[in-house]
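**Student:** Here you go, structure-v5.pdb (PDB, C-alpha atoms and all ligand atoms):
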```pdb
ATOM      1  CA  MET A  18      60.980 -10.568   9.968  1.00  0.00           C
ATOM      2  CA  ALA A  19      58.077 -11.226   7.616  1.00  0.00           C
ATOM      3  CA  ILE A  20      60.221 -10.971   4.500  1.00  0.00           C
ATOM      4  CA  ALA A  21      62.101 -14.149   5.478  1.00  0.00           C
ATOM      5  CA  ALA A  22      58.936 -16.180   4.840  1.00  0.00           C
ATOM      6  CA  PHE A  23      58.957 -15.367   1.139  1.00  0.00           C
ATOM      7  CA  THR A  24      60.099 -18.335  -0.911  1.00  0.00           C
ATOM      8  CA  LEU A  25      58.355 -17.472  -4.181  1.00  0.00           C
ATOM      9  CA  GLY A  26      60.135 -18.965  -7.141  1.00  0.00           C
ATOM     10  CA  VAL A  27      62.365 -21.178  -5.019  1.00  0.00           C
ATOM     11  CA  ALA A  28      61.952 -24.884  -5.780  1.00  0.00           C
ATOM     12  CA  GLN A  29      61.503 -26.932  -2.638  1.00  0.00           C
ATOM     13  CA  ALA A  30      60.929 -30.662  -2.396  1.00  0.00           C
ATOM     14  CA  ALA A  31      58.143 -32.003  -0.248  1.00  0.00           C
ATOM     15  CA  THR A  32      59.041 -34.568   2.391  1.00  0.00           C
ATOM     16  CA  LEU A  33      57.399 -37.996   2.297  1.00  0.00           C
ATOM     17  CA  LYS A  34      55.753 -39.019   5.575  1.00  0.00           C
ATOM     18  CA  THR A  35      54.587 -42.483   6.621  1.00  0.00           C
ATOM     19  CA  THR A  36      52.971 -41.581   9.932  1.00  0.00           C
ATOM     20  CA  ASP A  37      49.777 -39.752  10.926  1.00  0.00           C
ATOM     21  CA  PHE A  38      51.676 -36.475  11.434  1.00  0.00           C
ATOM     22  CA  ILE A  39      48.782 -33.978  11.187  1.00  0.00           C
ATOM     23  CA  ALA A  40      47.103 -33.779  14.584  1.00  0.00           C
ATOM     24  CA  ALA A  41      44.789 -30.824  13.908  1.00  0.00           C
ATOM     25  CA  PRO A  42      43.874 -30.659  10.211  1.00  0.00           C
ATOM     26  CA  ALA A  43      42.325 -27.493   8.798  1.00  0.00           C
ATOM     27  CA  HIS A  44      40.386 -29.624   6.302  1.00  0.00           C
ATOM     28  CA  PHE A  45      39.307 -33.262   6.414  1.00  0.00           C
ATOM     29  CA  ASN A  46      37.747 -35.497   3.748  1.00  0.00           C
ATOM     30  CA  GLY A  47      36.568 -38.808   5.213  1.00  0.00           C
ATOM     31  CA  PHE A  48      34.112 -39.574   2.371  1.00  0.00           C
ATOM     32  CA  GLU A  49      31.316 -39.934   4.920  1.00  0.00           C
ATOM     33  CA  ASP A  50      28.817 -37.933   2.802  1.00  0.00           C
ATOM     34  CA  LEU A  51      29.172 -40.299  -0.156  1.00  0.00           C
ATOM     35  CA  PRO A  52      26.044 -42.274  -1.058  1.00  0.00           C
ATOM     36  CA  GLU A  53      26.081 -46.024  -0.474  1.00  0.00           C
ATOM     37  CA  SER A  54      26.724 -46.980  -4.072  1.00  0.00           C
ATOM     38  CA  SER A  55      29.280 -48.753  -6.203  1.00  0.00           C
ATOM     39  CA  THR A  56      28.682 -46.502  -9.196  1.00  0.00           C
ATOM     40  CA  TYR A  57      29.798 -43.134  -7.879  1.00  0.00           C
ATOM     41  CA  GLY A  58      32.293 -40.836  -9.566  1.00  0.00           C
ATOM     42  CA  PRO A  59      34.467 -39.624 -11.042  1.00  0.00           C
ATOM     43  CA  ALA A  60      34.906 -36.778  -8.507  1.00  0.00           C
ATOM     44  CA  TYR A  61      33.921 -36.040  -4.920  1.00  0.00           C
ATOM     45  CA  THR A  62      34.514 -32.961  -2.751  1.00  0.00           C
ATOM     46  CA  GLU A  63      34.242 -32.803   1.024  1.00  0.00           C
ATOM     47  CA  ASP A  64      35.447 -29.898   3.205  1.00  0.00           C
ATOM     48  CA  GLY A  65      37.341 -28.281   0.343  1.00  0.00           C
ATOM     49  CA  ILE A  66      39.276 -31.421  -0.648  1.00  0.00           C
ATOM     50  CA  THR A  67      38.457 -32.923  -4.071  1.00  0.00           C
ATOM     51  CA  VAL A  68      39.211 -36.512  -5.112  1.00  0.00           C
ATOM     52  CA  THR A  69      38.994 -37.574  -8.766  1.00  0.00           C
ATOM     53  CA  GLN A  70      39.479 -40.918 -10.479  1.00  0.00           C
ATOM     54  CA  VAL A  71      41.432 -40.136 -13.665  1.00  0.00           C
ATOM     55  CA  ASN A  72      41.786 -42.254 -16.813  1.00  0.00           C
ATOM     56  CA  GLY A  73      39.998 -45.137 -15.168  1.00  0.00           C
ATOM     57  CA  GLU A  74      36.397 -46.212 -14.903  1.00  0.00           C
ATOM     58  CA  ALA A  75      34.879 -42.833 -14.197  1.00  0.00           C
ATOM     59  CA  ASN A  76      31.687 -43.849 -12.409  1.00  0.00           C
ATOM     60  CA  ASP A  77      32.832 -47.019 -10.715  1.00  0.00           C
ATOM     61  CA  ILE A  78      33.775 -45.989  -7.183  1.00  0.00           C
ATOM     62  CA  TRP A  79      33.031 -48.447  -4.415  1.00  0.00           C
ATOM     63  CA  THR A  80      32.099 -46.144  -1.546  1.00  0.00           C
ATOM     64  CA  THR A  81      31.640 -48.749   1.177  1.00  0.00           C
ATOM     65  CA  TYR A  82      34.929 -50.540   0.745  1.00  0.00           C
ATOM     66  CA  THR A  83      36.048 -50.187   4.344  1.00  0.00           C
ATOM     67  CA  PHE A  84      37.234 -53.614   5.530  1.00  0.00           C
ATOM     68  CA  TRP A  85      40.857 -52.693   4.765  1.00  0.00           C
ATOM     69  CA  GLY A  86      41.032 -50.467   7.813  1.00  0.00           C
ATOM     70  CA  ALA A  87      39.362 -47.316   6.535  1.00  0.00           C
ATOM     71  CA  GLN A  88      37.631 -45.071   9.069  1.00  0.00           C
ATOM     72  CA  GLY A  89      33.848 -44.643   9.344  1.00  0.00           C
ATOM     73  CA  ASP A  90      31.327 -46.077   6.876  1.00  0.00           C
ATOM     74  CA  ARG A  91      32.642 -44.693   3.579  1.00  0.00           C
ATOM     75  CA  ALA A  92      35.916 -44.672   1.659  1.00  0.00           C
ATOM     76  CA  TRP A  93      37.146 -44.356  -1.941  1.00  0.00           C
ATOM     77  CA  TYR A  94      38.031 -47.386  -4.029  1.00  0.00           C
ATOM     78  CA  PRO A  95      37.660 -48.182  -7.750  1.00  0.00           C
ATOM     79  CA  ASN A  96      35.182 -51.070  -7.672  1.00  0.00           C
ATOM     80  CA  GLY A  97      37.136 -54.162  -8.571  1.00  0.00           C
ATOM     81  CA  GLY A  98      40.099 -51.990  -9.490  1.00  0.00           C
ATOM     82  CA  ASP A  99      40.656 -49.940 -12.650  1.00  0.00           C
ATOM     83  CA  THR A 100      43.443 -48.786 -14.947  1.00  0.00           C
ATOM     84  CA  GLY A 101      43.695 -45.140 -13.902  1.00  0.00           C
ATOM     85  CA  TYR A 102      44.828 -43.207 -10.862  1.00  0.00           C
ATOM     86  CA  THR A 103      43.404 -41.116  -8.030  1.00  0.00           C
ATOM     87  CA  ALA A 104      44.039 -37.351  -7.918  1.00  0.00           C
ATOM     88  CA  ILE A 105      43.693 -35.196  -4.776  1.00  0.00           C
ATOM     89  CA  THR A 106      43.339 -31.430  -5.218  1.00  0.00           C
ATOM     90  CA  LEU A 107      42.077 -28.484  -3.199  1.00  0.00           C
ATOM     91  CA  GLN A 108      38.720 -27.044  -4.205  1.00  0.00           C
ATOM     92  CA  GLY A 109      39.572 -23.802  -6.004  1.00  0.00           C
ATOM     93  CA  GLY A 110      43.024 -25.047  -7.003  1.00  0.00           C
ATOM     94  CA  GLY A 111      45.322 -23.775  -4.241  1.00  0.00           C
ATOM     95  CA  GLN A 112      48.662 -25.270  -3.276  1.00  0.00           C
ATOM     96  CA  PHE A 113      48.934 -27.798  -0.482  1.00  0.00           C
ATOM     97  CA  GLY A 114      50.899 -27.280   2.694  1.00  0.00           C
ATOM     98  CA  ASP A 115      51.039 -30.430   4.820  1.00  0.00           C
ATOM     99  CA  VAL A 116      48.736 -33.268   3.753  1.00  0.00           C
ATOM    100  CA  SER A 117      48.234 -36.884   4.845  1.00  0.00           C
ATOM    101  CA  PHE A 118      45.787 -39.681   4.088  1.00  0.00           C
ATOM    102  CA  LEU A 119      44.979 -43.296   4.884  1.00  0.00           C
ATOM    103  CA  ALA A 120      46.091 -45.573   2.025  1.00  0.00           C
ATOM    104  CA  GLY A 121      45.014 -49.138   1.344  1.00  0.00           C
ATOM    105  CA  SER A 122      44.546 -51.533  -1.552  1.00  0.00           C
ATOM    106  CA  GLY A 123      42.045 -53.945  -3.052  1.00  0.00           C
ATOM    107  CA  TYR A 124      44.809 -56.431  -3.806  1.00  0.00           C
ATOM    108  CA  PHE A 125      44.944 -59.455  -1.550  1.00  0.00           C
ATOM    109  CA  ALA A 126      48.690 -59.660  -1.805  1.00  0.00           C
ATOM    110  CA  ASP A 127      51.807 -58.613   0.069  1.00  0.00           C
ATOM    111  CA  ASN A 128      54.720 -56.586  -1.289  1.00  0.00           C
ATOM    112  CA  LEU A 129      52.555 -54.027  -3.073  1.00  0.00           C
ATOM    113  CA  VAL A 130      53.951 -50.746  -4.379  1.00  0.00           C
ATOM    114  CA  LEU A 131      52.282 -47.340  -4.054  1.00  0.00           C
ATOM    115  CA  TYR A 132      53.279 -44.862  -6.783  1.00  0.00           C
ATOM    116  CA  TYR A 133      52.865 -41.125  -6.279  1.00  0.00           C
ATOM    117  CA  GLU A 134      53.329 -37.959  -8.269  1.00  0.00           C
ATOM    118  CA  LEU A 135      53.170 -34.391  -6.950  1.00  0.00           C
ATOM    119  CA  ALA A 136      52.210 -31.863  -9.616  1.00  0.00           C
ATOM    120  CA  LEU A 137      52.048 -28.077  -9.813  1.00  0.00           C
ATOM    121  CA  GLY A 138      49.975 -26.473 -12.541  1.00  0.00           C
ATOM    122  CA  GLY A 139      49.696 -29.837 -14.281  1.00  0.00           C
ATOM    123  CA  SER A 140      53.447 -30.507 -14.360  1.00  0.00           C
ATOM    124  CA  VAL A 141      55.010 -33.225 -12.217  1.00  0.00           C
ATOM    125  CA  VAL A 142      57.475 -31.704  -9.724  1.00  0.00           C
ATOM    126  CA  GLN A 143      58.221 -34.829  -7.692  1.00  0.00           C
ATOM    127  CA  SER A 144      57.486 -38.557  -7.939  1.00  0.00           C
ATOM    128  CA  GLY A 145      58.349 -41.783  -6.207  1.00  0.00           C
ATOM    129  CA  ALA A 146      57.230 -45.172  -4.943  1.00  0.00           C
ATOM    130  CA  LEU A 147      56.961 -46.720  -1.508  1.00  0.00           C
ATOM    131  CA  ASP A 148      56.120 -49.998   0.174  1.00  0.00           C
ATOM    132  CA  HIS A 149      52.377 -50.475   0.271  1.00  0.00           C
ATOM    133  CA  THR A 150      50.005 -52.858   2.015  1.00  0.00           C
ATOM    134  CA  ARG A 151      46.379 -53.805   1.608  1.00  0.00           C
ATOM    135  CA  LEU A 152      45.640 -52.792   5.181  1.00  0.00           C
ATOM    136  CA  GLY A 153      45.391 -49.072   5.818  1.00  0.00           C
ATOM    137  CA  HIS A 154      48.596 -47.116   6.446  1.00  0.00           C
ATOM    138  CA  TRP A 155      49.355 -43.400   6.646  1.00  0.00           C
ATOM    139  CA  VAL A 156      51.080 -41.552   3.822  1.00  0.00           C
ATOM    140  CA  GLY A 157      51.663 -37.822   3.616  1.00  0.00           C
ATOM    141  CA  PHE A 158      53.771 -34.958   2.314  1.00  0.00           C
ATOM    142  CA  SER A 159      55.027 -31.893   4.157  1.00  0.00           C
ATOM    143  CA  GLY A 160      56.516 -28.697   2.834  1.00  0.00           C
ATOM    144  CA  GLY A 161      54.134 -27.886  -0.010  1.00  0.00           C
ATOM    145  CA  GLY A 162      55.156 -26.844  -3.513  1.00  0.00           C
ATOM    146  CA  PHE A 163      52.396 -28.814  -5.267  1.00  0.00           C
ATOM    147  CA  ASP A 164      48.679 -28.487  -5.988  1.00  0.00           C
ATOM    148  CA  GLU A 165      47.865 -32.068  -6.987  1.00  0.00           C
ATOM    149  CA  ILE A 166      48.668 -35.525  -5.588  1.00  0.00           C
ATOM    150  CA  ARG A 167      48.342 -38.493  -7.969  1.00  0.00           C
ATOM    151  CA  LEU A 168      48.223 -42.022  -6.580  1.00  0.00           C
ATOM    152  CA  ARG A 169      47.959 -45.582  -7.862  1.00  0.00           C
ATOM    153  CA  ASP A 170      49.293 -48.944  -6.786  1.00  0.00           C
ATOM    154  CA  ASN A 171      50.722 -52.251  -7.848  1.00  0.00           C
ATOM    155  CA  SER A 172      51.813 -52.432 -11.452  1.00  0.00           C
ATOM    156  CA  GLU A 173      53.282 -49.292 -12.991  1.00  0.00           C
ATOM    157  CA  PRO A 174      54.026 -45.608 -12.373  1.00  0.00           C
ATOM    158  CA  ILE A 175      51.458 -42.970 -13.322  1.00  0.00           C
ATOM    159  CA  SER A 176      53.742 -41.362 -15.899  1.00  0.00           C
ATOM    160  CA  SER A 177      53.977 -44.545 -17.972  1.00  0.00           C
ATOM    161  CA  LEU A 178      50.445 -45.907 -17.766  1.00  0.00           C
ATOM    162  CA  THR A 179      49.819 -48.695 -20.242  1.00  0.00           C
ATOM    163  CA  GLY A 180      46.582 -50.069 -18.828  1.00  0.00           C
ATOM    164  CA  GLY A 181      48.020 -51.876 -15.835  1.00  0.00           C
ATOM    165  CA  PHE A 182      45.691 -52.595 -12.979  1.00  0.00           C
ATOM    166  CA  ASN A 183      45.264 -50.225 -10.027  1.00  0.00           C
ATOM    167  CA  ALA A 184      43.446 -51.004  -6.786  1.00  0.00           C
ATOM    168  CA  PHE A 185      44.480 -48.056  -4.604  1.00  0.00           C
ATOM    169  CA  ALA A 186      41.976 -47.317  -1.814  1.00  0.00           C
ATOM    170  CA  LEU A 187      41.774 -44.005   0.066  1.00  0.00           C
ATOM    171  CA  ASP A 188      40.225 -42.448   3.178  1.00  0.00           C
ATOM    172  CA  SER A 189      40.670 -39.723   5.822  1.00  0.00           C
ATOM    173  CA  ILE A 190      42.530 -37.007   3.904  1.00  0.00           C
ATOM    174  CA  LYS A 191      43.954 -34.351   6.253  1.00  0.00           C
ATOM    175  CA  VAL A 192      45.142 -30.941   5.061  1.00  0.00           C
ATOM    176  CA  ALA A 193      46.967 -28.476   7.317  1.00  0.00           C
ATOM    177  CA  SER A 194      48.475 -25.005   6.881  1.00  0.00           C
ATOM    178  CA  PRO A 195      47.716 -24.321   3.208  1.00  0.00           C
ATOM    179  CA  VAL A 196      50.271 -22.160   1.431  1.00  0.00           C
ATOM    180  CA  PRO A 197      48.943 -18.578   0.988  1.00  0.00           C
ATOM    181  CA  GLU A 198      47.427 -17.847  -2.413  1.00  0.00           C
ATOM    182  CA  PRO A 199      49.351 -15.580  -4.822  1.00  0.00           C
ATOM    183  CA  GLU A 200      46.786 -12.842  -4.131  1.00  0.00           C
ATOM    184  CA  THR A 201      47.692 -13.079  -0.443  1.00  0.00           C
ATOM    185  CA  TYR A 202      51.371 -12.554  -1.249  1.00  0.00           C
ATOM    186  CA  ALA A 203      50.406  -9.550  -3.381  1.00  0.00           C
ATOM    187  CA  LEU A 204      48.410  -8.104  -0.485  1.00  0.00           C
ATOM    188  CA  MET A 205      51.302  -8.699   1.920  1.00  0.00           C
ATOM    189  CA  LEU A 206      53.725  -7.044  -0.508  1.00  0.00           C
ATOM    190  CA  ALA A 207      51.339  -4.096  -0.894  1.00  0.00           C
ATOM    191  CA  GLY A 208      51.119  -3.829   2.904  1.00  0.00           C
ATOM    192  CA  LEU A 209      54.914  -3.873   3.259  1.00  0.00           C
ATOM    193  CA  GLY A 210      55.132  -1.199   0.561  1.00  0.00           C
ATOM    194  CA  VAL A 211      52.698   1.053   2.444  1.00  0.00           C
ATOM    195  CA  MET A 212      54.647   0.527   5.688  1.00  0.00           C
ATOM    196  CA  GLY A 213      57.879   1.457   3.922  1.00  0.00           C
ATOM    197  CA  PHE A 214      56.265   4.557   2.420  1.00  0.00           C
ATOM    198  CA  VAL A 215      54.974   5.656   5.834  1.00  0.00           C
ATOM    199  CA  ALA A 216      58.410   5.043   7.415  1.00  0.00           C
ATOM    200  CA  ARG A 217      60.103   7.172   4.744  1.00  0.00           C
ATOM    201  CA  ARG A 218      57.543   9.953   5.218  1.00  0.00           C
ATOM    202  CA  ARG A 219      58.171   9.940   8.988  1.00  0.00           C
ATOM    203  CA  ARG A 220      61.942  10.183   8.472  1.00  0.00           C
ATOM    204  CA  SER A 221      61.695  13.081   6.022  1.00  0.00           C
TER     205      SER A 221
HETATM  206 CA    CA B   1      35.753 -42.670   5.957  1.00  0.00          CA
HETATM  207 CA    CA B   2      36.228 -51.495 -11.795  1.00  0.00          CA
END
```
Would you mind writing the file out in structure tokens?
**Tutor:**
Amino acid sequence: MAIAAFTLGVAQAATLKTTDFIAAPAHFNGFEDLPESSTYGPAYTEDGITVTQVNGEANDIWTTYTFWGAQGDRAWYPNGGDTGYTAITLQGGGQFGDVSFLAGSGYFADNLVLYYELALGGSVVQSGALDHTRLGHWVGFSGGGFDEIRLRDNSEPISSLTGGFNAFALDSIKVASPVPEPETYALMLAGLGVMGFVARRRRS
């Protein structure tokens, strides 16, 4: 029954993933169309997925920082680190469904921490931290309920930034099964209404 799929207004937490769990992404940003430059930024969009460096050094992205295990010739890394964070959004501002990405770091150290925040309409709906390594590893979130992913590593959470250093590196963002837009729900509701009207007419 289609009506069972409606969860509008119901808060649901996304589930943290640490494996490459999206086999057939609907959208993929591998940064491969970036120019070979260390002064790119602050934002880049590929296949509908936008990445922005926020509150850091806006035009200081090292696009060829790939020795950490990134895929292809290009990736996303604040050249020499910065004090901000990386935001991932969908072009046009829709909500995410399942999303995953390859995470790394510019720090030559073990026992790093990756901090994340999931936001909806600019408000944080979920946040946390996980074990992080310099070499690339998969991180993702399933279940939706957010339209922005904020990421930084090492020294302090995003919500309490005081200028601590961040060296989070990013590549290969996969997005699957986006949540329908509000307009889509409205259309579906209108369609159900028409079906109900027709059913009543047939009964009478
Ligand atoms: Ca790449
Ligand atoms: Ca820098």
**Student:** Using only C-alpha atoms and all ligand atoms for the distances, tell me which of A:Asn128, A:Asn171, A:Asn96, A:Ser54 is nearest to ligand CA 2 (chain B).
**Tutor:** A:Asn96
**Student:** Stretch 37-132 of chain A near stretch 174-192 of chain A within 6 Å: what's each residue's closest atom pair and its distance in Å to one decimal, counting all atoms listed in the file, ordered by chain then ascending residue number, as CSV?
**Tutor:**
```
residue,atom,partner,partner_atom,distance
A:Pro42,CA,A:Val192,CA,5.3
A:Ala43,CA,A:Val192,CA,5.8
A:His44,CA,A:Val192,CA,5.1
A:Phe45,CA,A:Lys191,CA,4.8
A:Asn46,CA,A:Ile190,CA,5.0
A:Gly47,CA,A:Ser189,CA,4.2
A:Ala87,CA,A:Asp188,CA,6.0
A:Ala92,CA,A:Asp188,CA,5.1
A:Trp93,CA,A:Leu187,CA,5.1
A:Tyr94,CA,A:Ala186,CA,4.5
A:Gly98,CA,A:Ala184,CA,4.4
A:Asp99,CA,A:Asn183,CA,5.3
A:Thr100,CA,A:Phe182,CA,4.8
A:Asp115,CA,A:Val192,CA,5.9
A:Val116,CA,A:Val192,CA,4.5
A:Ser117,CA,A:Lys191,CA,5.2
A:Phe118,CA,A:Ile190,CA,4.2
A:Leu119,CA,A:Asp188,CA,5.1
A:Ala120,CA,A:Leu187,CA,5.0
A:Gly121,CA,A:Ala186,CA,4.7
A:Ser122,CA,A:Phe185,CA,4.6
A:Gly123,CA,A:Ala184,CA,5.0
A:Tyr132,CA,A:Pro174,CA,5.7
```
**Student:** Between atom CA of A:Asp127 and atom CA of A:Arg151, what distance in Å does the model show, to one decimal?
**Tutor:**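 Atom-to-atom, atom CA of A:Asp127 and atom CA of A:Arg151 are spaced 7.4 Å apart.
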**Student:** Using only C-alpha atoms, which of A:Phe84, A:Tyr133, A:Phe48, A:Trp155 sits nearest A:Gly65?
**Tutor:**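 For A:Gly65, the nearest of the given residues is A:Phe48.
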**Student:** When you draw a straight line from atom CA of A:Arg169 to atom CA of A:Gly110, how long is it in Å?
**Tutor:** 21.1 Å
**Student:** Find, counting all atoms listed in the file, the residue in A:Gly73, A:Pro52, A:Gly138, A:Gly210 that gets nearest to ligand CA 1 (chain B).
**Tutor:** A:Pro52
**Student:** Would you please work out which residue, of A:Trp79, A:Trp85, A:Phe113, A:Phe125, is nearest to ligand CA 2 (chain B) when using only C-alpha atoms and all ligand atoms?
**Tutor:**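 Of all the options, A:Trp79 lies closest to ligand CA 2 (chain B).
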**Student:** Return the padded bounding box of stretch 42-54 of chain A as lines of an AutoDock Vina configuration file: axis-aligned, built from all atoms listed in the file, 4 Å added on each side, with centre and edge lengths in Å to one decimal.
**Tutor:**
```
center_x = 35.0
center_y = -37.2
center_z = 3.1
size_x = 25.8
size_y = 27.5
size_z = 22.3
```
**Student:** Give me, as a list in words, all polymer residues having an atom no more than 9 Å from A:Gln143, counting only C-alpha atoms and skipping those fewer than 5 positions away in the same chain.
**Tutor:**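 That gives Ala30, Ala31, Tyr133, Glu134, Leu135, Ala136 and Phe163 of chain A.
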**Student:** Hey, can you spit out that residue selection with C-alpha atoms as a PDB file, keeping the file's coordinate frame?
**Tutor:**
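Result went into part-v3.pdb, see below:
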```
ATOM      1  CA  ALA A  30      60.929 -30.662  -2.396  1.00  0.00           C
ATOM      2  CA  ALA A  31      58.143 -32.003  -0.248  1.00  0.00           C
ATOM      3  CA  TYR A 133      52.865 -41.125  -6.279  1.00  0.00           C
ATOM      4  CA  GLU A 134      53.329 -37.959  -8.269  1.00  0.00           C
ATOM      5  CA  LEU A 135      53.170 -34.391  -6.950  1.00  0.00           C
ATOM      6  CA  ALA A 136      52.210 -31.863  -9.616  1.00  0.00           C
ATOM      7  CA  PHE A 163      52.396 -28.814  -5.267  1.00  0.00           C
TER       8      PHE A 163
END
```
